[in-house]
Structures are given as C-alpha cells and as structure tokens.
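*Asks:* Compact mmCIF, C-alpha atoms, saved as entry.txt, coming up:
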```
# COMPACT_ATOMS: atom_id res chain seq x y z
CA ASN A 1 -43.77 47.21 -81.64
CA GLY A 2 -41.16 49.66 -80.50
CA PHE A 3 -38.59 49.36 -83.27
CA GLY A 4 -37.24 52.76 -84.23
CA VAL A 5 -34.33 54.30 -86.11
CA GLY A 6 -32.83 57.40 -84.50
CA GLY A 7 -30.54 60.07 -85.80
CA ALA A 8 -27.01 59.43 -87.05
CA GLY A 9 -27.84 55.82 -87.85
CA LEU A 10 -28.62 54.94 -84.22
CA ILE A 11 -30.93 51.92 -83.95
CA THR A 12 -32.84 51.28 -80.74
CA TRP A 13 -34.99 48.38 -79.60
CA PRO A 14 -37.04 49.59 -76.60
CA PHE A 15 -38.42 46.11 -75.97
CA LEU A 16 -34.88 44.83 -75.39
CA THR A 17 -33.51 47.89 -73.59
CA ASN A 18 -36.36 48.76 -71.18
CA GLY A 19 -37.59 47.22 -67.97
CA ALA A 20 -41.10 45.90 -67.44
CA GLY A 21 -42.37 48.89 -65.43
CA LEU A 22 -45.06 51.45 -66.17
CA THR A 23 -42.55 54.28 -66.45
CA ALA A 24 -41.33 53.03 -69.82
CA ASP A 25 -43.33 53.76 -72.95
CA ILE A 26 -42.83 50.17 -74.01
CA ALA A 27 -42.38 47.40 -71.44
CA GLY A 28 -39.12 45.57 -72.04
CA VAL A 29 -37.13 42.54 -70.98
CA PHE A 30 -33.70 44.05 -70.33
CA PRO A 31 -33.14 42.68 -66.77
CA ALA A 32 -34.38 39.20 -67.70
CA LEU A 33 -32.31 39.20 -70.89
CA PHE A 34 -29.13 40.03 -69.01
CA GLY A 35 -30.01 37.49 -66.32
CA THR A 36 -30.33 34.75 -68.95
CA VAL A 37 -27.02 35.67 -70.59
CA TRP A 38 -25.16 35.66 -67.27
CA LEU A 39 -26.80 32.37 -66.29
CA VAL A 40 -25.54 30.64 -69.42
CA ILE A 41 -22.07 32.22 -69.19
CA GLY A 42 -21.69 31.19 -65.55
CA ALA A 43 -22.90 27.65 -66.22
CA VAL A 44 -20.49 27.25 -69.15
CA LEU A 45 -17.53 28.65 -67.18
CA PHE A 46 -18.22 26.10 -64.43
CA ALA A 47 -19.17 23.03 -66.48
CA VAL A 48 -16.74 23.13 -69.42
CA PRO A 49 -13.40 23.16 -67.53
CA THR A 50 -14.73 20.64 -64.99
CA GLY A 51 -16.22 18.33 -67.63
CA VAL A 52 -13.23 18.46 -69.97
CA GLY A 53 -10.83 17.89 -67.07
CA ALA A 54 -12.83 14.87 -65.90
CA ALA A 55 -12.96 13.55 -69.47
CA VAL A 56 -9.18 13.87 -69.82
CA PHE A 57 -8.64 11.98 -66.57
CA LEU A 58 -11.08 9.18 -67.46
CA SER A 59 -9.76 8.81 -71.02
CA GLU A 60 -6.02 9.29 -70.62
CA TYR A 61 -5.11 8.46 -67.02
CA ALA A 62 -7.71 6.21 -65.38
CA GLU A 63 -7.62 2.47 -66.07
CA GLN A 64 -10.62 1.27 -68.00
CA GLY A 65 -12.61 -0.90 -65.64
CA ARG A 66 -15.41 -0.84 -63.12
CA PHE A 67 -14.70 2.69 -61.97
CA THR A 68 -14.85 4.25 -65.43
CA GLY A 69 -17.89 2.12 -66.25
CA ALA A 70 -19.67 3.34 -63.12
CA VAL A 71 -18.84 6.95 -63.97
CA GLU A 72 -20.21 6.48 -67.49
CA VAL A 73 -23.47 5.03 -66.17
CA ALA A 74 -23.74 7.83 -63.60
CA THR A 75 -23.18 10.61 -66.13
CA ASN A 76 -25.71 9.13 -68.53
CA GLY A 77 -28.20 8.92 -65.68
CA LEU A 78 -27.54 12.51 -64.60
CA TRP A 79 -28.06 13.84 -68.13
CA SER A 80 -31.49 12.18 -68.29
CA THR A 81 -32.46 13.41 -64.80
CA PRO A 82 -35.43 15.85 -64.83
CA SER A 83 -34.46 19.48 -64.37
CA ILE A 84 -36.68 19.87 -61.30
CA VAL A 85 -34.37 17.46 -59.46
CA PHE A 86 -31.41 19.73 -60.17
CA GLY A 87 -33.53 22.63 -58.95
CA LEU A 88 -34.26 20.83 -55.68
CA PHE A 89 -30.55 20.06 -55.33
CA GLY A 90 -29.72 23.74 -55.80
CA ALA A 91 -32.38 24.79 -53.28
CA ALA A 92 -31.24 22.26 -50.67
CA PHE A 93 -27.46 22.38 -51.15
CA LEU A 94 -26.43 25.65 -52.82
CA ILE A 95 -28.81 28.27 -51.42
CA PRO A 96 -27.83 27.60 -47.75
CA ARG A 97 -24.21 28.23 -48.73
CA PHE A 98 -24.96 31.60 -50.32
CA GLY A 99 -26.80 33.42 -47.57
CA ASN A 100 -29.97 31.30 -47.49
CA GLN A 101 -31.52 33.30 -50.30
CA LYS A 102 -32.04 32.90 -54.02
CA SER A 103 -29.13 34.28 -55.98
CA LEU A 104 -27.62 34.47 -59.43
CA ILE A 105 -24.61 32.33 -58.51
CA ALA A 106 -26.89 29.57 -57.17
CA GLY A 107 -28.69 29.53 -60.52
CA MET A 108 -25.40 29.51 -62.41
CA LEU A 109 -24.06 26.53 -60.47
CA THR A 110 -27.35 24.63 -60.70
CA LEU A 111 -27.43 24.99 -64.48
CA GLY A 112 -23.71 24.20 -64.53
CA PHE A 113 -24.39 20.87 -62.80
CA MET A 114 -27.09 20.22 -65.42
CA LEU A 115 -24.64 20.93 -68.24
CA LEU A 116 -21.75 19.00 -66.71
CA PRO A 117 -22.86 15.42 -67.62
CA LEU A 118 -23.27 16.20 -71.31
CA VAL A 119 -19.94 18.04 -71.48
CA LEU A 120 -18.26 15.06 -69.81
CA ILE A 121 -19.91 12.51 -72.12
CA THR A 122 -19.20 14.35 -75.38
CA SER A 123 -15.68 15.39 -74.33
CA ARG A 124 -14.76 11.83 -73.44
CA GLU A 125 -16.10 10.51 -76.74
CA ALA A 126 -14.26 13.24 -78.65
CA ILE A 127 -10.98 12.47 -76.86
CA LEU A 128 -11.34 8.74 -77.45
CA ALA A 129 -12.01 9.44 -81.14
CA VAL A 130 -8.58 11.06 -81.56
CA PRO A 131 -6.41 8.50 -83.41
CA ASP A 132 -3.71 6.81 -81.32
CA GLU A 133 -1.24 7.65 -84.09
CA TYR A 134 -1.31 11.27 -82.88
CA ARG A 135 -0.26 10.19 -79.40
CA ASP A 136 2.39 7.77 -80.69
CA ALA A 137 3.92 10.38 -82.98
CA SER A 138 4.09 12.90 -80.14
CA ALA A 139 5.63 10.33 -77.77
CA ALA A 140 8.21 9.42 -80.43
CA LEU A 141 9.39 13.04 -80.37
CA GLY A 142 10.06 12.80 -76.64
CA VAL A 143 7.02 14.91 -75.60
CA SER A 144 5.56 14.21 -72.17
CA LYS A 145 2.08 12.78 -71.78
CA TRP A 146 0.55 15.98 -70.43
CA GLN A 147 2.12 18.06 -73.22
CA THR A 148 0.74 15.56 -75.74
CA ILE A 149 -2.74 15.88 -74.27
CA ARG A 150 -2.55 19.67 -74.13
CA SER A 151 -1.01 20.27 -77.56
CA VAL A 152 -2.26 17.34 -79.64
CA VAL A 153 -5.25 15.52 -78.16
CA LEU A 154 -7.32 18.44 -76.87
CA PRO A 155 -7.01 20.59 -80.03
CA ALA A 156 -8.14 17.60 -82.10
CA ALA A 157 -11.08 17.01 -79.75
CA ILE A 158 -12.28 20.63 -79.50
CA PRO A 159 -14.89 20.33 -82.32
CA GLY A 160 -16.54 17.42 -80.52
CA VAL A 161 -16.40 19.20 -77.16
CA THR A 162 -17.98 22.27 -78.71
CA THR A 163 -20.80 20.15 -80.09
CA GLY A 164 -21.64 18.94 -76.59
CA VAL A 165 -21.56 22.48 -75.22
CA ILE A 166 -23.91 23.67 -77.99
CA LEU A 167 -26.45 20.95 -77.21
CA GLY A 168 -26.23 21.60 -73.48
CA VAL A 169 -26.57 25.38 -73.76
CA GLY A 170 -29.69 24.95 -75.86
CA ARG A 171 -31.23 23.00 -72.99
CA ILE A 172 -30.19 25.07 -69.99
CA ALA A 173 -30.99 28.44 -71.58
CA GLY A 174 -34.70 27.60 -71.60
CA GLU A 175 -34.97 25.81 -68.26
CA THR A 176 -37.51 27.23 -65.81
CA ALA A 177 -37.71 24.82 -62.86
CA PRO A 178 -34.08 25.17 -61.64
CA ILE A 179 -34.06 28.97 -61.72
CA LEU A 180 -37.53 29.05 -60.18
CA LEU A 181 -36.12 27.34 -57.09
CA THR A 182 -32.66 28.92 -56.97
CA MET A 183 -32.62 32.32 -58.63
CA GLY A 184 -36.08 33.62 -59.54
CA GLY A 185 -36.66 37.28 -58.76
CA GLY A 186 -40.02 37.75 -60.47
CA VAL A 187 -40.75 40.30 -63.19
CA LEU A 188 -38.19 43.07 -62.69
CA PRO A 189 -39.68 46.47 -63.61
CA ALA A 190 -36.57 48.66 -63.63
CA LYS A 191 -33.81 48.58 -66.20
CA SER A 192 -31.31 49.13 -63.38
CA ALA A 193 -32.39 45.79 -61.86
CA ALA A 194 -30.28 43.95 -64.44
CA PRO A 195 -27.31 42.20 -62.79
CA ASP A 196 -24.08 44.20 -63.10
CA VAL A 197 -21.69 41.32 -62.59
CA LEU A 198 -18.56 42.85 -64.09
CA GLY A 199 -18.95 46.13 -62.23
CA SER A 200 -19.68 44.62 -58.82
CA PHE A 201 -16.38 42.95 -57.98
CA ARG A 202 -14.91 44.21 -54.71
CA LEU A 203 -11.56 43.49 -53.09
CA SER A 204 -11.39 42.88 -49.35
CA ALA A 205 -8.68 42.24 -46.75
CA SER A 206 -10.31 39.04 -45.45
CA PRO A 207 -10.95 35.73 -47.19
CA PRO A 208 -12.08 35.10 -49.87
CA PHE A 209 -10.54 38.54 -50.71
CA VAL A 210 -12.93 39.08 -53.64
CA SER A 211 -16.68 39.61 -53.37
CA ASN A 212 -19.46 40.34 -55.83
CA PRO A 213 -22.82 41.41 -54.32
CA SER A 214 -24.51 41.14 -57.71
CA LEU A 215 -23.92 37.39 -57.78
CA LEU A 216 -25.62 37.02 -54.40
CA GLU A 217 -28.82 38.84 -55.39
CA ALA A 218 -31.97 37.31 -56.82
CA THR A 219 -32.59 38.26 -60.43
CA SER A 220 -34.83 37.16 -63.26
CA ALA A 221 -34.42 35.30 -66.53
CA LEU A 222 -36.48 35.06 -69.68
CA PRO A 223 -37.97 31.58 -68.97
CA TYR A 224 -38.89 32.51 -65.40
CA GLN A 225 -40.37 35.87 -66.40
CA LEU A 226 -42.51 34.14 -69.03
CA TYR A 227 -43.62 31.59 -66.43
CA ALA A 228 -44.48 34.38 -63.98
CA LEU A 229 -46.63 36.12 -66.57
CA ILE A 230 -48.51 32.94 -67.47
CA THR A 231 -49.21 31.98 -63.86
CA ALA A 232 -50.41 35.54 -63.17
CA GLY A 233 -52.97 35.23 -65.97
CA LEU A 234 -51.04 37.57 -68.26
CA SER A 235 -51.94 40.51 -66.07
CA GLY A 236 -50.12 43.02 -63.90
CA ASN A 237 -48.43 46.33 -64.57
CA ILE A 238 -47.86 45.71 -68.28
CA GLN A 239 -50.08 47.55 -70.75
CA ASN A 240 -50.41 44.73 -73.31
CA PRO A 241 -49.53 41.57 -71.34
CA GLN A 242 -50.42 39.11 -74.09
CA GLU A 243 -48.26 40.85 -76.68
CA TYR A 244 -45.53 41.21 -74.06
CA ALA A 245 -45.62 37.47 -73.36
CA TRP A 246 -45.33 36.62 -77.06
CA GLY A 247 -42.45 39.06 -77.41
CA LEU A 248 -40.80 37.50 -74.38
CA ALA A 249 -41.10 34.02 -75.89
CA LEU A 250 -39.67 35.24 -79.20
CA THR A 251 -36.76 36.91 -77.39
CA LEU A 252 -35.99 33.69 -75.54
CA LEU A 253 -36.01 31.75 -78.79
CA LEU A 254 -33.68 34.28 -80.42
CA VAL A 255 -31.29 34.19 -77.45
CA VAL A 256 -31.06 30.39 -77.73
CA LEU A 257 -30.45 30.68 -81.48
CA VAL A 258 -27.69 33.25 -80.86
CA PHE A 259 -25.98 30.86 -78.44
CA TYR A 260 -26.31 28.09 -81.03
CA ALA A 261 -24.79 30.36 -83.70
CA ILE A 262 -21.84 31.26 -81.46
CA GLY A 263 -21.22 27.58 -80.69
CA ILE A 264 -21.47 26.48 -84.32
CA THR A 265 -19.14 29.29 -85.43
CA THR A 266 -16.63 28.25 -82.75
CA ARG A 267 -16.80 24.62 -83.83
CA TYR A 268 -16.34 25.57 -87.49
CA TYR A 269 -13.35 27.77 -86.62
CA PHE A 270 -11.52 25.06 -84.69
CA ARG A 271 -12.37 22.45 -87.30
CA GLN A 272 -10.91 24.62 -90.05
CA LYS A 273 -7.86 25.33 -87.91
CA LEU A 274 -7.42 21.60 -87.30
CA HIS A 275 -7.59 20.81 -91.03
CA GLN A 276 -4.97 23.47 -91.76
```
Translate the structure of the given file into structure tokens.

*Replies:*
Amino acid sequence: NGFGVGGAGLITWPFLTNGAGLTADIAGVFPALFGTVWLVIGAVLFAVPTGVGAAVFLSEYAEQGRFTGAVEVATNGLWSTPSIVFGLFGAAFLIPRFGNQKSLIAGMLTLGFMLLPLVLITSREAILAVPDEYRDASAALGVSKWQTIRSVVLPAAIPGVTTGVILGVGRIAGETAPILLTMGGGVLPAKSAAPDVLGSFRLSASPPFVSNPSLLEATSALPYQLYALITAGLSGNIQNPQEYAWGLALTLLLVVLVFYAIGITTRYYFRQKLHQ
C-alpha cells in the first residue's frame, strides 16, 4: 500500500516518508527508520575504532600471556551476554551521564558496547592471520613498527574486520531490549520527530564547545516501534494497525539486509584492492 509514481519520474514511498500520525493518508515509519539508521551508525563509529585499536594493541604490542588470555575470555563472555544486560548497563551507567533521560546517544553507546566484543575478536583474528612475512619484509626496508601496522598489517586485515562488523550490525540493528531501556521514545506520529543529528550541532564558548540537542532527545527505532505496537494490542491511532505492523517488520528486515549489502560490498572492495 502507498507506492506511487509521480510526475517527471519522481517515485515516492509514503510508508517510508510519513510519520505514524492520523494526519498522513498512510501511516509511515520515517522517524523510526531514521532512528535505526543513526543508532547503527553511532554504534559502528564508537565500536570499530575502539575494537580495532584494542586488537592492534593485543596482537602487535602486548606480550602473549595471562593478560591477553584474560581479555580473550572476557570478550568472548561479553559477546555471549544477553542484550538485556547491556540495556541495564546503559540505563544504570549512561543515562545518568546524559541528563537522566533516555536519549539517542545513550542508545548508540549501548549498542556500541554490544558490538565492541565481536569487532575486537574478529579484528584480532584477522590481524593474527596476516603472514609474518609481510611484517619481516616491511622491517627489512627500515619501516617502523607503527608504519608497518598502518600500511601493511591493517590493510591486509580489513576484509576480516569488515566481516565482524557485518555480523555485529546484523545483531544490533534488530535489538529491542537495549533501546527500550536507553532510548525508546514510543511510536512517533510526526515526520518532524525524526532525529536531525547533522543539523543540530551547535558551537559554544564553554566546554565541551560542541553540543547536539538531537543526540540528547529520546527517539524511536524500528524494533522498539514494532514492540510498542504488539504490546498495545496492535491498536492506537493507526488506521490498519495489523498491516502497519507487518510493514514495519518488513522494513526492519530490509534495513538489516541493506546494512549487510553495504558491509559485503565494502569487504569485496578491499579484498579486490588487496589482491591487486
């Protein structure tokens, strides 16, 4: 329902571009869709640099012993930890530090902590899988260790790192419990309720000198909006709540598949570049 082709080749999808209010001819998922996209982007921006940096330290600089073994056991345990535990961590630790209210940045960081163990595990395995001949050849040319890691080891490990990110994004994009406790803003009726992260940055004369009110506001996401509809008995201000719920589930599935496609394309690109 709601697919139409306008003039001059303009294609519109009201279900994806409208809010969930009564004012729209067709109830849509625009705010929740944008909330999900920003959640995943924020989690990736936090987890990938942190996880890859930790993997480089553990693989290239730290001595292999009890410390690295303990870190490996801890990361494996964190990856298998239920998501509700991460949600409770975000509610107890992150929310008090962001104004004691649910916010987009609290959800981003909570999902980032969920993604971090897998990024660390796969990045470390990918770095260890790089042949030592690459490092020896670089050292024979008089290149420093850090330059070798940056220019030789990491480019060779990027396909493996990307694989871990793909697997992790597929998990966090559909999580409900963490965002229920840290970010959930219910079913947002207005299209304008979508988070405007890029347009909300403000400069100030006092620390931290940059602020973004949009990151500190509660918003919705596709998994949470679907959960809210189910717990409400598929009722409310939506004309056809059952069809809306099925459309919401399909949209969530397509969003996850799009993230998978982006990750697989990135991995294929770097793998081809490495072979060249």

*Asks:* Can you work out which one of A:Ala156, A:Ile262, A:Gln225, A:Gly247 has the shortest atom-to-atom distance to A:Pro14, counting only C-alpha atoms?

*Replies:*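 Among the listed residues, A:Gly247 lies closest to A:Pro14.
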
*Asks:* If you count all atoms listed in the file, which residues fall within 9 Å of A:Val255, apart from same-chain ones fewer than 4 positions away, as a VMD selection string?

*Replies:* chain A and resid 33 36 to 37 173 250 to 251 259 to 260

*Asks:* Would you mind exporting C-alpha atoms of the selected residues as a PDB file, in the frame of the given file?

*Replies:*
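What ended up in part35.pdb:
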```
ATOM      1  CA  LEU A  33     -32.310  39.200 -70.890  1.00  0.00           C
ATOM      2  CA  THR A  36     -30.330  34.750 -68.950  1.00  0.00           C
ATOM      3  CA  VAL A  37     -27.020  35.670 -70.590  1.00  0.00           C
ATOM      4  CA  ALA A 173     -30.990  28.440 -71.580  1.00  0.00           C
ATOM      5  CA  LEU A 250     -39.670  35.240 -79.200  1.00  0.00           C
ATOM      6  CA  THR A 251     -36.760  36.910 -77.390  1.00  0.00           C
ATOM      7  CA  PHE A 259     -25.980  30.860 -78.440  1.00  0.00           C
ATOM      8  CA  TYR A 260     -26.310  28.090 -81.030  1.00  0.00           C
TER       9      TYR A 260
END
```

*Asks:* Point out the residue among A:Pro213, A:Pro178, A:Pro49, A:Gly170 with the least atom-to-atom distance to A:Leu257, counting only C-alpha atoms.

*Replies:*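 Closest candidate: A:Gly170.
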
*Asks:* Using only C-alpha atoms for the distances, tell me which of A:Leu226, A:Leu111, A:Val161, A:Ala126 is nearest to A:Val85.

*Replies:*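 Answer, going by the shortest atom-to-atom distance: A:Leu111.
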
*Asks:* Measuring between all atoms listed in the file, which one of A:Ile264, A:Leu203, A:Ala194, A:Ala106 shows the shortest distance to A:Gly28?

*Replies:* A:Ala194

*Asks:* Nearest to A:Ala261 among A:Gly35, A:Ile166, A:Val130, A:Leu115, with distances taken over all atoms listed in the file: which residue is it?

*Replies:*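 Distance minimum relative to A:Ala261 lands on A:Ile166.
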
*Asks:* Return the single residue from A:Ala245, A:Val143, A:Leu253, A:Leu216 that is closest to A:Asp196, with distances computed using only C-alpha atoms.

*Replies:*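 Using only C-alpha atoms, the shortest distance to A:Asp196 belongs to A:Leu216.
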
*Asks:* Excluding A:Leu94 and residues on its chain fewer than 6 positions from it, collect all residues at most 10 Å away from it, counting only C-alpha atoms, and give them as a PyMOL selection string.

*Replies:* chain A and resi 87-88+100-103+105-107+109-110+182

*Asks:* Between atom CA of A:Leu229 and atom CA of A:Leu248, measure the distance and give it in Å to one decimal.

*Replies:*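 Value for the atom CA of A:Leu229-atom CA of A:Leu248 distance: 9.8 Å.
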
*Asks:* Near A:Ser214, within 7 Å and counting all atoms listed in the file, which residues show up once chain neighbours fewer than 3 positions away are dropped, as a PDB file with C-alpha atoms, keeping the file's coordinate frame?

*Replies:*
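Final output, selection.pdb:
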```pdb
ATOM      1  CA  PRO A 195     -27.310  42.200 -62.790  1.00  0.00           C
ATOM      2  CA  ASP A 196     -24.080  44.200 -63.100  1.00  0.00           C
ATOM      3  CA  VAL A 197     -21.690  41.320 -62.590  1.00  0.00           C
ATOM      4  CA  SER A 200     -19.680  44.620 -58.820  1.00  0.00           C
ATOM      5  CA  GLU A 217     -28.820  38.840 -55.390  1.00  0.00           C
TER       6      GLU A 217
END
```

*Asks:* Tell me which protein, DNA and RNA residues are within 12 Å of A:Arg135, counting all atoms listed in the file, leaving out same-chain ones fewer than 2 positions away, and put them as a PyMOL selection string.

*Replies:* chain A and resi 60+127-133+137-154+156

*Asks:* May I ask for the distance between atom CA of A:Trp13 and atom CA of A:Thr219, given in Å to one decimal place?

*Replies:*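 Going from atom CA of A:Trp13 over to atom CA of A:Thr219 covers 21.8 Å.
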
*Asks:* Find the distance between atom CA of A:Pro223 and atom CA of A:Met183 and write it in Å to one decimal.

*Replies:*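 One can read the atom CA of A:Pro223 to atom CA of A:Met183 distance as 11.7 Å.
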